[in-house]
$ cat protein-v7.pdb   # PDB, C-alpha atoms
ATOM      1  CA  MET A   1      16.215  64.367  30.166
ATOM      2  CA  ASN A   2      15.276  61.358  28.037
ATOM      3  CA  ARG A   3      15.593  62.385  24.394
ATOM      4  CA  ASP A   4      13.324  59.770  22.874
ATOM      5  CA  LEU A   5      14.227  59.990  19.183
ATOM      6  CA  ASP A   6      12.745  56.556  18.536
ATOM      7  CA  GLY A   7       9.485  57.780  20.038
ATOM      8  CA  TYR A   8       9.411  60.710  17.625
ATOM      9  CA  VAL A   9      10.031  58.382  14.684
ATOM     10  CA  ARG A  10       7.172  56.117  15.817
ATOM     11  CA  LEU A  11       4.839  59.091  16.167
ATOM     12  CA  ARG A  12       5.764  60.711  12.865
ATOM     13  CA  PRO A  13       3.073  58.922  10.782
ATOM     14  CA  LEU A  14       0.396  60.071  13.241
ATOM     15  CA  LEU A  15       1.718  63.625  13.207
ATOM     16  CA  PHE A  16       1.757  63.671   9.413
ATOM     17  CA  SER A  17      -1.809  62.310   9.364
ATOM     18  CA  ILE A  18      -2.995  65.178  11.547
ATOM     19  CA  ALA A  19      -1.133  67.858   9.598
ATOM     20  CA  TYR A  20      -2.141  66.484   6.190
ATOM     21  CA  ARG A  21      -5.831  66.273   7.060
ATOM     22  CA  MET A  22      -5.638  69.786   8.469
ATOM     23  CA  THR A  23      -3.865  71.358   5.474
ATOM     24  CA  GLY A  24      -4.647  69.117   2.496
ATOM     25  CA  SER A  25      -1.009  69.529   1.467
ATOM     26  CA  VAL A  26       1.782  66.972   1.611
ATOM     27  CA  ALA A  27       4.515  69.614   1.500
ATOM     28  CA  ASP A  28       2.912  71.746   4.197
ATOM     29  CA  ALA A  29       2.289  68.708   6.403
ATOM     30  CA  GLU A  30       5.932  67.650   6.106
ATOM     31  CA  ASP A  31       7.084  71.191   6.945
ATOM     32  CA  ILE A  32       4.812  71.279   9.989
ATOM     33  CA  VAL A  33       6.040  67.919  11.265
ATOM     34  CA  SER A  34       9.643  69.016  10.763
ATOM     35  CA  GLU A  35       9.003  72.256  12.661
ATOM     36  CA  ALA A  36       7.441  70.225  15.470
ATOM     37  CA  PHE A  37      10.669  68.237  15.714
ATOM     38  CA  VAL A  38      12.701  71.461  15.867
ATOM     39  CA  ARG A  39      10.529  72.625  18.763
ATOM     40  CA  LEU A  40      10.912  69.258  20.454
ATOM     41  CA  GLN A  41      14.695  69.559  20.212
ATOM     42  CA  GLN A  42      14.515  73.050  21.692
ATOM     43  CA  ALA A  43      12.389  71.736  24.556
ATOM     44  CA  TRP A  44      14.983  69.045  25.203
ATOM     45  CA  ALA A  45      17.779  71.612  25.079
ATOM     46  CA  ASP A  46      15.891  73.754  27.611
ATOM     47  CA  GLU A  47      15.395  70.635  29.757
ATOM     48  CA  ARG A  48      11.645  71.125  29.810
ATOM     49  CA  GLU A  49       9.640  68.272  31.267
ATOM     50  CA  ILE A  50       7.523  66.452  28.668
ATOM     51  CA  ALA A  51       5.137  64.072  30.404
ATOM     52  CA  SER A  52       3.791  62.593  27.158
ATOM     53  CA  LEU A  53       5.675  62.822  23.872
ATOM     54  CA  LYS A  54       2.507  61.992  21.924
ATOM     55  CA  ALA A  55       0.482  64.689  23.671
ATOM     56  CA  TYR A  56       3.248  67.270  23.282
ATOM     57  CA  LEU A  57       3.855  66.634  19.580
ATOM     58  CA  SER A  58       0.177  66.335  18.609
ATOM     59  CA  THR A  59      -0.436  69.665  20.352
ATOM     60  CA  VAL A  60       2.441  71.370  18.538
ATOM     61  CA  VAL A  61       1.422  69.950  15.153
ATOM     62  CA  THR A  62      -2.219  70.956  15.592
ATOM     63  CA  ARG A  63      -1.352  74.496  16.658
ATOM     64  CA  LEU A  64       1.122  74.894  13.803
ATOM     65  CA  SER A  65      -1.527  73.626  11.375
ATOM     66  CA  ILE A  66      -4.074  76.128  12.684
ATOM     67  CA  ASP A  67      -1.564  78.977  12.294
ATOM     68  CA  HIS A  68      -0.705  77.803   8.788
ATOM     69  CA  LEU A  69      -4.344  77.689   7.707
ATOM     70  CA  LYS A  70      -4.947  81.198   8.967
ATOM     71  CA  SER A  71      -1.953  82.494   7.010
ATOM     72  CA  ALA A  72      -2.836  80.499   3.862
ATOM     73  CA  ARG A  73      -6.442  81.595   3.661
ATOM     74  CA  VAL A  74      -5.952  84.537   1.261
ATOM     75  CA  ARG A  75      -3.650  82.497  -0.974
ATOM     76  CA  ARG A  76      -6.200  79.705  -1.278
ATOM     77  CA  GLU A  77      -9.070  82.092  -1.929
ATOM     78  CA  ARG A  78      -7.142  83.458  -4.920
ATOM     79  CA  TYR A  79      -6.445  79.996  -6.323
ATOM     80  CA  PHE A  80      -7.327  79.699 -10.021
ATOM     81  CA  GLY A  81     -10.176  77.312 -10.776
ATOM     82  CA  THR A  82     -11.125  74.253  -8.762
ATOM     83  CA  TRP A  83      -8.950  73.562  -5.727
ATOM     84  CA  LEU A  84      -8.261  69.951  -4.734
ATOM     85  CA  PRO A  85      -5.910  68.654  -2.024
ATOM     86  CA  GLU A  86      -2.484  67.275  -2.850
ATOM     87  CA  PRO A  87      -3.010  63.544  -3.451
ATOM     88  CA  VAL A  88      -1.271  60.763  -1.553
ATOM     89  CA  LEU A  89      -0.951  57.168  -2.685
ATOM     90  CA  THR A  90      -2.461  54.674  -0.263
ATOM     91  CA  ASP A  91      -3.544  51.065   0.057
ATOM     92  CA  GLU A  92      -6.802  50.522  -1.813
ATOM     93  CA  ALA A  93      -7.574  47.596   0.487
ATOM     94  CA  ASP A  94      -8.045  50.049   3.352
ATOM     95  CA  ASP A  95     -11.718  50.365   4.138
ATOM     96  CA  GLY A  96     -13.930  52.047   6.674
ATOM     97  CA  GLU A  97     -13.868  55.394   8.438
ATOM     98  CA  LEU A  98     -10.101  55.958   8.269
ATOM     99  CA  ALA A  99     -10.100  55.680   4.468
ATOM    100  CA  ASP A 100     -13.166  57.929   4.264
ATOM    101  CA  SER A 101     -11.406  60.574   6.364
ATOM    102  CA  LEU A 102      -8.521  60.609   3.885
ATOM    103  CA  SER A 103     -10.569  60.871   0.699
ATOM    104  CA  LEU A 104     -10.309  63.973  -1.472
ATOM    105  CA  ALA A 105     -14.060  64.461  -1.078
ATOM    106  CA  PHE A 106     -13.711  64.585   2.709
ATOM    107  CA  LEU A 107     -10.735  66.941   2.623
ATOM    108  CA  VAL A 108     -12.587  69.317   0.290
ATOM    109  CA  VAL A 109     -15.492  69.447   2.760
ATOM    110  CA  LEU A 110     -13.036  70.219   5.572
ATOM    111  CA  GLU A 111     -11.833  73.230   3.553
ATOM    112  CA  GLN A 112     -15.131  74.939   4.343
ATOM    113  CA  LEU A 113     -14.523  74.719   8.090
ATOM    114  CA  GLY A 114     -12.546  77.325   9.991
ATOM    115  CA  PRO A 115      -9.089  76.242  11.217
ATOM    116  CA  VAL A 116     -10.054  75.686  14.869
ATOM    117  CA  GLU A 117     -13.349  74.081  13.899
ATOM    118  CA  ARG A 118     -11.464  71.705  11.618
ATOM    119  CA  ALA A 119      -8.961  70.855  14.344
ATOM    120  CA  VAL A 120     -11.624  70.102  16.959
ATOM    121  CA  PHE A 121     -13.599  67.921  14.570
ATOM    122  CA  LEU A 122     -10.584  65.953  13.353
ATOM    123  CA  LEU A 123      -9.026  65.449  16.767
ATOM    124  CA  HIS A 124     -12.259  64.115  18.230
ATOM    125  CA  ASP A 125     -13.997  62.286  15.389
ATOM    126  CA  VAL A 126     -10.966  60.968  13.498
ATOM    127  CA  PHE A 127      -8.153  60.777  16.044
ATOM    128  CA  ASP A 128     -10.276  59.942  19.106
ATOM    129  CA  LEU A 129      -8.999  62.574  21.527
ATOM    130  CA  ASP A 130     -11.266  63.528  24.412
ATOM    131  CA  TYR A 131     -12.686  67.031  24.680
ATOM    132  CA  ALA A 132     -10.619  67.935  27.733
ATOM    133  CA  ARG A 133      -7.424  67.257  25.791
ATOM    134  CA  ILE A 134      -8.712  69.076  22.705
ATOM    135  CA  ALA A 135      -9.685  72.102  24.788
ATOM    136  CA  ASP A 136      -6.115  72.360  26.026
ATOM    137  CA  ILE A 137      -4.738  72.101  22.487
ATOM    138  CA  VAL A 138      -6.952  74.752  20.863
ATOM    139  CA  GLY A 139      -7.254  77.068  23.860
ATOM    140  CA  LYS A 140     -11.019  76.907  24.258
ATOM    141  CA  SER A 141     -13.298  75.563  26.956
ATOM    142  CA  GLU A 142     -14.377  71.937  26.909
ATOM    143  CA  VAL A 143     -18.011  73.011  26.544
ATOM    144  CA  ASN A 144     -17.132  75.226  23.583
ATOM    145  CA  CYS A 145     -15.194  72.375  21.952
ATOM    146  CA  ARG A 146     -18.225  70.111  22.244
ATOM    147  CA  GLN A 147     -20.362  72.764  20.568
ATOM    148  CA  ILE A 148     -17.792  73.303  17.812
ATOM    149  CA  ALA A 149     -17.536  69.557  17.167
ATOM    150  CA  THR A 150     -21.314  69.143  17.031
ATOM    151  CA  ARG A 151     -21.666  71.988  14.534
ATOM    152  CA  ALA A 152     -18.787  70.709  12.399
ATOM    153  CA  ARG A 153     -20.061  67.121  12.512
ATOM    154  CA  ARG A 154     -23.476  68.232  11.332
ATOM    155  CA  TYR A 155     -21.935  70.244   8.506
ATOM    156  CA  VAL A 156     -19.600  67.453   7.365
ATOM    157  CA  SER A 157     -22.253  64.717   7.621
ATOM    158  CA  ALA A 158     -24.564  66.676   5.336
ATOM    159  CA  ARG A 159     -21.876  66.971   2.660
ATOM    160  CA  GLN A 160     -19.528  64.016   3.051
ATOM    161  CA  PRO A 161     -20.173  61.076   0.719
ATOM    162  CA  ARG A 162     -20.113  57.675   2.370
ATOM    163  CA  PHE A 163     -18.278  55.037   0.349
ATOM    164  CA  GLN A 164     -20.608  52.128   1.068
ATOM    165  CA  ALA A 165     -19.217  49.727  -1.526
ATOM    166  CA  SER A 166     -16.489  47.338  -0.444
ATOM    167  CA  ALA A 167     -12.929  47.926  -1.573
ATOM    168  CA  ASP A 168     -13.214  45.045  -4.061
ATOM    169  CA  GLU A 169     -16.442  46.412  -5.543
ATOM    170  CA  ARG A 170     -14.975  49.895  -5.877
ATOM    171  CA  ALA A 171     -11.837  48.509  -7.515
ATOM    172  CA  ALA A 172     -13.779  46.379 -10.021
ATOM    173  CA  LEU A 173     -15.969  49.276 -11.125
ATOM    174  CA  ALA A 174     -12.983  51.634 -11.299
ATOM    175  CA  ASP A 175     -11.099  49.115 -13.463
ATOM    176  CA  ARG A 176     -13.969  49.179 -15.958
ATOM    177  CA  PHE A 177     -14.143  52.961 -15.844
ATOM    178  CA  PHE A 178     -10.447  53.629 -16.415
ATOM    179  CA  ALA A 179     -10.165  50.891 -19.054
ATOM    180  CA  ALA A 180     -12.978  52.550 -21.006
ATOM    181  CA  VAL A 181     -11.273  55.949 -20.775
ATOM    182  CA  GLU A 182      -7.906  54.571 -21.870
ATOM    183  CA  THR A 183      -9.318  52.631 -24.833
ATOM    184  CA  GLY A 184     -11.641  55.458 -25.836
ATOM    185  CA  ASP A 185     -14.765  53.293 -25.529
ATOM    186  CA  VAL A 186     -16.503  55.823 -23.316
ATOM    187  CA  SER A 187     -19.952  54.918 -24.643
ATOM    188  CA  GLY A 188     -19.730  51.948 -22.308
ATOM    189  CA  LEU A 189     -19.468  54.335 -19.380
ATOM    190  CA  ILE A 190     -23.102  55.406 -19.513
ATOM    191  CA  GLU A 191     -24.232  52.686 -17.145
ATOM    192  CA  LEU A 192     -21.297  53.332 -14.812
ATOM    193  CA  LEU A 193     -21.907  57.060 -14.352
ATOM    194  CA  ALA A 194     -24.492  58.345 -11.913
ATOM    195  CA  ALA A 195     -27.005  60.723 -13.470
ATOM    196  CA  ASP A 196     -25.715  63.520 -11.220
ATOM    197  CA  VAL A 197     -22.007  62.668 -11.533
ATOM    198  CA  VAL A 198     -19.647  65.619 -10.992
ATOM    199  CA  THR A 199     -16.188  66.067 -12.531
ATOM    200  CA  TYR A 200     -13.529  68.311 -10.980
ATOM    201  CA  GLY A 201     -10.238  69.374 -12.572
ATOM    202  CA  ASP A 202      -7.416  71.137 -10.719
ATOM    203  CA  GLY A 203      -4.738  72.522 -13.026
ATOM    204  CA  GLY A 204      -3.786  75.517 -10.912
ATOM    205  CA  GLY A 205      -3.194  77.577 -14.070
ATOM    206  CA  GLU A 206      -0.419  75.174 -15.129
ATOM    207  CA  GLY A 207      -2.328  73.088 -17.659
ATOM    208  CA  PRO A 208      -5.832  72.091 -18.765
ATOM    209  CA  SER A 209      -8.228  72.705 -15.919
ATOM    210  CA  LEU A 210     -11.894  73.240 -15.202
ATOM    211  CA  PRO A 211     -12.755  76.667 -13.827
ATOM    212  CA  ARG A 212     -15.845  75.114 -12.311
ATOM    213  CA  PRO A 213     -17.136  71.550 -11.835
ATOM    214  CA  VAL A 214     -18.853  69.730 -14.700
ATOM    215  CA  PHE A 215     -22.242  68.375 -13.661
ATOM    216  CA  GLY A 216     -24.273  65.557 -15.160
ATOM    217  CA  ARG A 217     -23.761  62.338 -17.099
ATOM    218  CA  GLU A 218     -23.904  63.752 -20.631
ATOM    219  CA  ARG A 219     -21.483  66.614 -19.992
ATOM    220  CA  THR A 220     -19.117  64.274 -18.179
ATOM    221  CA  LEU A 221     -19.233  61.819 -21.087
ATOM    222  CA  ARG A 222     -18.291  64.587 -23.523
ATOM    223  CA  LEU A 223     -15.414  65.554 -21.284
ATOM    224  CA  LEU A 224     -14.220  61.945 -20.967
ATOM    225  CA  ARG A 225     -14.294  61.540 -24.756
ATOM    226  CA  ALA A 226     -11.965  64.535 -24.996
ATOM    227  CA  VAL A 227      -9.727  62.995 -22.332
ATOM    228  CA  ALA A 228      -9.596  59.709 -24.251
ATOM    229  CA  VAL A 229      -8.558  61.527 -27.422
ATOM    230  CA  THR A 230      -5.884  63.428 -25.493
ATOM    231  CA  LEU A 231      -4.466  60.207 -24.061
ATOM    232  CA  ARG A 232      -4.015  58.689 -27.504
ATOM    233  CA  ARG A 233      -2.746  61.885 -29.122
ATOM    234  CA  HIS A 234       0.014  62.345 -26.547
ATOM    235  CA  ASP A 235       0.835  58.666 -25.988
ATOM    236  CA  LEU A 236      -0.266  58.674 -22.360
ATOM    237  CA  HIS A 237      -1.178  55.619 -20.334
ATOM    238  CA  LEU A 238      -2.997  54.996 -17.063
ATOM    239  CA  GLU A 239      -1.381  53.212 -14.138
ATOM    240  CA  ARG A 240      -3.869  51.949 -11.550
ATOM    241  CA  CYS A 241      -3.312  52.920  -7.931
ATOM    242  CA  ALA A 242      -5.200  54.043  -4.847
ATOM    243  CA  VAL A 243      -5.429  57.791  -4.264
ATOM    244  CA  ASN A 244      -6.356  58.902  -0.754
ATOM    245  CA  GLY A 245      -7.991  55.552  -0.112
ATOM    246  CA  GLN A 246     -10.089  55.627  -3.298
ATOM    247  CA  PRO A 247      -9.550  54.038  -6.746
ATOM    248  CA  GLY A 248      -7.382  56.113  -9.038
ATOM    249  CA  VAL A 249      -4.715  56.247 -11.715
ATOM    250  CA  LEU A 250      -1.418  57.928 -12.431
ATOM    251  CA  VAL A 251      -1.347  59.364 -15.958
ATOM    252  CA  ARG A 252       2.170  58.879 -17.375
ATOM    253  CA  ASP A 253       3.825  59.609 -20.696
ATOM    254  CA  ALA A 254       5.756  57.037 -22.746
ATOM    255  CA  ALA A 255       8.904  57.664 -20.655
ATOM    256  CA  GLY A 256       7.024  57.138 -17.389
ATOM    257  CA  ALA A 257       6.917  60.801 -16.340
ATOM    258  CA  LEU A 258       3.813  61.812 -14.413
ATOM    259  CA  LEU A 259       1.299  64.234 -15.931
ATOM    260  CA  ASN A 260      -1.668  64.036 -13.610
ATOM    261  CA  VAL A 261      -3.626  61.959 -11.116
ATOM    262  CA  MET A 262      -7.249  60.915 -11.454
ATOM    263  CA  THR A 263      -9.547  59.335  -8.899
ATOM    264  CA  VAL A 264     -13.208  58.351  -8.722
ATOM    265  CA  ASP A 265     -15.781  58.187  -5.952
ATOM    266  CA  VAL A 266     -17.888  55.027  -6.180
ATOM    267  CA  ARG A 267     -21.215  54.689  -4.401
ATOM    268  CA  GLY A 268     -24.316  52.653  -5.139
ATOM    269  CA  GLY A 269     -22.572  50.767  -7.942
ATOM    270  CA  GLN A 270     -21.864  53.934  -9.933
ATOM    271  CA  VAL A 271     -19.237  56.633 -10.297
ATOM    272  CA  GLN A 272     -20.480  59.647  -8.386
ATOM    273  CA  ALA A 273     -17.482  61.933  -8.889
ATOM    274  CA  VAL A 274     -14.324  62.155 -10.990
ATOM    275  CA  ARG A 275     -11.360  64.224  -9.791
ATOM    276  CA  SER A 276      -8.279  65.126 -11.833
ATOM    277  CA  ILE A 277      -5.220  66.897 -10.400
ATOM    278  CA  LEU A 278      -2.807  68.244 -12.986
ATOM    279  CA  ASN A 279      -1.187  71.106 -11.057
ATOM    280  CA  PRO A 280       2.515  70.092 -10.988
ATOM    281  CA  ALA A 281       3.036  71.790  -7.627
ATOM    282  CA  LYS A 282       0.713  69.181  -6.119
ATOM    283  CA  LEU A 283       2.290  66.142  -7.816
ATOM    284  CA  ALA A 284       6.047  66.527  -7.495
ATOM    285  CA  HIS A 285       6.159  64.401  -4.332
ATOM    286  CA  LEU A 286       4.734  61.398  -6.205
ATOM    287  CA  ALA A 287       7.113  60.899  -9.162
ATOM    288  CA  PRO A 288       9.248  62.741 -11.744
ATOM    289  CA  LEU A 289       6.942  64.982 -13.771
ATOM    290  CA  VAL A 290       6.659  65.673 -17.483
ATOM    291  CA  GLY A 291       8.668  68.736 -18.447
ATOM    292  CA  PRO A 292       7.316  72.271 -18.756
ATOM    293  CA  ASP A 293       7.582  72.006 -22.546
ATOM    294  CA  HIS A 294       4.943  69.265 -22.681
ATOM    295  CA  PRO A 295       1.867  70.401 -24.697
ATOM    296  CA  LEU A 296      -0.376  69.767 -21.690
ATOM    297  CA  ARG A 297       1.786  71.851 -19.377
ATOM    298  CA  GLY A 298       0.901  75.124 -21.066
ATOM    299  CA  GLY A 299      -1.552  77.748 -19.893
ATOM    300  CA  ALA A 300      -4.849  76.636 -18.481
ATOM    301  CA  VAL A 301      -7.522  75.571 -20.936
ATOM    302  CA  THR A 302     -10.825  76.829 -19.599
ATOM    303  CA  THR A 303     -14.415  76.589 -20.663
ATOM    304  CA  GLY A 304     -15.911  79.747 -19.228
ATOM    305  CA  ARG A 305     -15.396  82.813 -17.127
ATOM    306  CA  ARG A 306     -12.935  82.837 -14.267
ATOM    307  CA  PRO A 307     -14.792  81.597 -11.184
ATOM    308  CA  ARG A 308     -15.334  83.561  -8.036
ATOM    309  CA  PRO A 309     -12.528  83.244  -5.490
ATOM    310  CA  ARG A 310     -12.472  80.120  -3.390
ATOM    311  CA  GLY A 311     -13.453  80.340   0.233
ATOM    312  CA  GLN A 312     -16.662  82.348  -0.129
ATOM    313  CA  GLY A 313     -19.004  81.083   2.498
ATOM    314  CA  ARG A 314     -16.142  79.586   4.541
ATOM    315  CA  ARG A 315     -17.290  78.931   8.067
ATOM    316  CA  GLU A 316     -15.793  80.838  10.958
ATOM    317  CA  ASP A 317     -14.666  79.273  14.219
ATOM    318  CA  GLY A 318     -16.993  79.210  17.135
TER     319      GLY A 318
END

$ encode --input "protein-v7.pdb" --output "structure tokens"
Amino acid sequence: MNRDLDGYVRLRPLLFSIAYRMTGSVADAEDIVSEAFVRLQQAWADEREIASLKAYLSTVVTRLSIDHLKSARVRRERYFGTWLPEPVLTDEADDGELADSLSLAFLVVLEQLGPVERAVFLLHDVFDLDYARIADIVGKSEVNCRQIATRARRYVSARQPRFQASADERAALADRFFAAVETGDVSGLIELLAADVVTYGDGGGEGPSLPRPVFGRERTLRLLRAVAVTLRRHDLHLERCAVNGQPGVLVRDAAGALLNVMTVDVRGGQVQAVRSILNPAKLAHLAPLVGPDHPLRGGAVTTGRRPRPRGQGRREDG
């Protein structure tokens, strides 16, 4: 049997893309891709015929992702505060549908789909697989897969923001936004913030977090003023980057250790959403982190009652 190790290496980015969009977790996606390789090696050892390495591995990765999501559901529903996916650093020049399908906003919407529903939607609308192939992967009829995809597409389209601005326009506005936050001149942000801007903070109980989103321009401005003061007080600086295809920053201390990641959604010439991920469990893959003794690594700072568990209203598979 031809043990095509080079083929696996070539396919690994695709496999990671599927697993990451399914799980919203870098660590889980890497574990799933590694397990797929273990199963591939076992198939080779058993001398099983593999007609298409791509088809075989994408099937294994999708099925492992579905199983993982089913097992992780209770854990995610008990998550403290706002849940956001683990961020990945990307090329901000990337534009179009692929970048949109990687955005934190998109991945959060996917969280409300059931595991099989998510798989069918992603495999067809993002990864361009035909329904016959998808039906074989998820173990449902082709007709049922079409129905699942239609329902999921309708749900996602109603909730997914479309990033209509060009990459250059998004970057220019984000530069102004983050410069204002870093210098503390947040009064200049009024014209940059949409009236219905929303701010999300994911600390996971390991630092300052928002138990629920902050809505509106005035409340967001007050929050950003507090952020600006915190940056100066703790000698933190912002390093521009692209986060999941959208403009963002790494927040580092004077020694370069990473504290958190922030990103903004830009549409219609304004910032529509601000997302901050401070949970260290979601950042360790990006850079060395600030130590647990850092003042901002203490218990979560909240502004209200503990929210209801995540996942209420989660859609079930068809």

$ closest_atom_pairs --input "protein-v7.pdb" --of "range 107-139 of chain A" --to "range 45-63 of chain A" --cutoff "8 Å" --atoms "all atoms listed in the file" --output "JSON lines"
{"residue": "A:Ala119", "atom": "CA", "partner": "A:Thr62", "partner_atom": "CA", "distance": 6.9}
{"residue": "A:Ile137", "atom": "CA", "partner": "A:Thr59", "partner_atom": "CA", "distance": 5.4}
{"residue": "A:Val138", "atom": "CA", "partner": "A:Arg63", "partner_atom": "CA", "distance": 7.0}

$ resolve_selection --input "protein-v7.pdb" --expression "the PyMOL selection byres ((chain A and resi 4-15) around 10)" --output "ChimeraX atom specification"
/A:1-3,16-20,29-30,32-34,36-37,40-41,44,53-54,57-62,127

$ residues_around --input "protein-v7.pdb" --residues "Ala281 in chain A" --least-positions-apart "5" --cutoff "9 Å" --atoms "all atoms listed in the file" --output "list of chain:residue names"
A:Glu86, A:Gly204, A:Glu206

$ resolve_selection --input "protein-v7.pdb" --expression "the PyMOL selection byres ((chain A and resi 149-159) around 7)" --output "VMD selection string"
chain A and resid 109 117 120 to 121 145 to 148 160 to 161

$ residues_around --input "protein-v7.pdb" --residues "Ala242 in chain A" --least-positions-apart "3" --cutoff "10 Å" --atoms "all atoms listed in the file" --output "list in words"
Pro87, Val88, Leu89, Thr90, Asp91, Glu92, Ala93, Asp94, Ala171, Gly245, Gln246, Pro247, Gly248, Val249, Leu250, Met262, Thr263 and Val264 of chain A

$ residues_near_point --input "protein-v7.pdb" --point "(4.3, 67.5, -6.8)" --cutoff "10 Å" --atoms "all atoms listed in the file" --output "tab-separated table (two decimals) with C-alpha atoms, in the coordinates of the input"
chain	number	residue	atom	x	y	z
A	26	VAL	CA	1.78	66.97	1.61
A	27	ALA	CA	4.51	69.61	1.50
A	86	GLU	CA	-2.48	67.28	-2.85
A	87	PRO	CA	-3.01	63.54	-3.45
A	258	LEU	CA	3.81	61.81	-14.41
A	260	ASN	CA	-1.67	64.04	-13.61
A	278	LEU	CA	-2.81	68.24	-12.99
A	279	ASN	CA	-1.19	71.11	-11.06
A	280	PRO	CA	2.52	70.09	-10.99
A	281	ALA	CA	3.04	71.79	-7.63
A	282	LYS	CA	0.71	69.18	-6.12
A	283	LEU	CA	2.29	66.14	-7.82
A	284	ALA	CA	6.05	66.53	-7.50
A	285	HIS	CA	6.16	64.40	-4.33
A	286	LEU	CA	4.73	61.40	-6.20
A	287	ALA	CA	7.11	60.90	-9.16
A	288	PRO	CA	9.25	62.74	-11.74
A	289	LEU	CA	6.94	64.98	-13.77

$ closest_residue --input "protein-v7.pdb" --among "A:Phe178, A:Trp83, A:Phe106, A:Tyr200" --to "Glu239 in chain A" --atoms "all atoms listed in the file"
A:Phe178

$ residues_around --input "protein-v7.pdb" --residues "Val271 in chain A" --least-positions-apart "6" --cutoff "7 Å" --atoms "only C-alpha atoms" --output "list in words"
Leu192, Leu193, Ala194, Val197, Val264 and Asp265 of chain A

$ closest_residue --input "protein-v7.pdb" --among "A:Ser166, A:Gln270, A:Ser71, A:Thr82" --to "Pro115 in chain A" --atoms "all atoms listed in the file"
A:Ser71

$ closest_residue --input "protein-v7.pdb" --among "A:Arg39, A:Arg21, A:Lys140, A:Lys70" --to "Leu102 in chain A" --atoms "only C-alpha atoms"
A:Arg21

$ closest_residue --input "protein-v7.pdb" --among "A:Arg118, A:Arg232, A:Arg267, A:Arg252" --to "Gly291 in chain A" --atoms "all atoms listed in the file"
A:Arg252

$ axis_aligned_box --input "protein-v7.pdb" --around "range 19-31 of chain A" --padding-each-side "6 Å" --output "lines of an AutoDock Vina configuration file"
center_x = 0.6
center_y = 69.0
center_z = 5.5
size_x = 24.9
size_y = 17.5
size_z = 20.1

$ closest_residue --input "protein-v7.pdb" --among "A:Leu107, A:Gly81, A:Asp168, A:His294" --to "Pro211 in chain A" --atoms "all atoms listed in the file"
A:Gly81

$ closest_residue --input "protein-v7.pdb" --among "A:Asn244, A:Ser276, A:Ser101, A:Ser65" --to "Leu259 in chain A" --atoms "all atoms listed in the file"
A:Ser276

$ atom_distance --input "protein-v7.pdb" --atom1 "CA of Arg222 in chain A" --atom2 "CA of Asp185 in chain A"
12.0 Å

$ atom_distance --input "protein-v7.pdb" --atom1 "CA of Val38 in chain A" --atom2 "CA of Leu110 in chain A"
27.7 Å

$ atom_distance --input "protein-v7.pdb" --atom1 "CA of Asp28 in chain A" --atom2 "CA of Ala72 in chain A"
10.5 Å

$ resolve_selection --input "protein-v7.pdb" --expression "the PyMOL selection byres ((chain A and resi 255) around 10)" --output "compact mmCIF listing (two decimals) with C-alpha atoms, keeping the file's coordinate frame"
# COMPACT_ATOMS: atom_id res chain seq x y z
CA ASP A 235 0.84 58.67 -25.99
CA LEU A 236 -0.27 58.67 -22.36
CA ARG A 252 2.17 58.88 -17.38
CA ASP A 253 3.82 59.61 -20.70
CA ALA A 254 5.76 57.04 -22.75
CA GLY A 256 7.02 57.14 -17.39
CA ALA A 257 6.92 60.80 -16.34
CA LEU A 258 3.81 61.81 -14.41
CA VAL A 290 6.66 65.67 -17.48

$ build_atoms --input "protein-v7.pdb" --residues "range 102-111 of chain A" --atoms "N, CA and C atoms" --output "tab-separated table (two decimals), in the frame of the given file"
chain	number	residue	atom	x	y	z
A	102	LEU	N	-9.67	60.24	4.70
A	102	LEU	CA	-8.52	60.61	3.88
A	102	LEU	C	-8.92	60.97	2.46
A	103	SER	N	-10.15	60.68	2.08
A	103	SER	CA	-10.57	60.87	0.70
A	103	SER	C	-10.52	62.35	0.31
A	104	LEU	N	-10.32	62.60	-0.99
A	104	LEU	CA	-10.31	63.97	-1.47
A	104	LEU	C	-11.64	64.65	-1.20
A	105	ALA	N	-12.74	63.90	-1.33
A	105	ALA	CA	-14.06	64.46	-1.08
A	105	ALA	C	-14.16	64.98	0.35
A	106	PHE	N	-13.67	64.20	1.30
A	106	PHE	CA	-13.71	64.58	2.71
A	106	PHE	C	-12.85	65.81	2.96
A	107	LEU	N	-11.64	65.82	2.40
A	107	LEU	CA	-10.74	66.94	2.62
A	107	LEU	C	-11.27	68.24	2.01
A	108	VAL	N	-11.98	68.13	0.89
A	108	VAL	CA	-12.59	69.32	0.29
A	108	VAL	C	-13.68	69.87	1.21
A	109	VAL	N	-14.47	69.00	1.81
A	109	VAL	CA	-15.49	69.45	2.76
A	109	VAL	C	-14.83	70.16	3.94
A	110	LEU	N	-13.73	69.60	4.44
A	110	LEU	CA	-13.04	70.22	5.57
A	110	LEU	C	-12.57	71.63	5.25
A	111	GLU	N	-12.29	71.90	3.95
A	111	GLU	CA	-11.83	73.23	3.55
A	111	GLU	C	-12.84	74.32	3.91
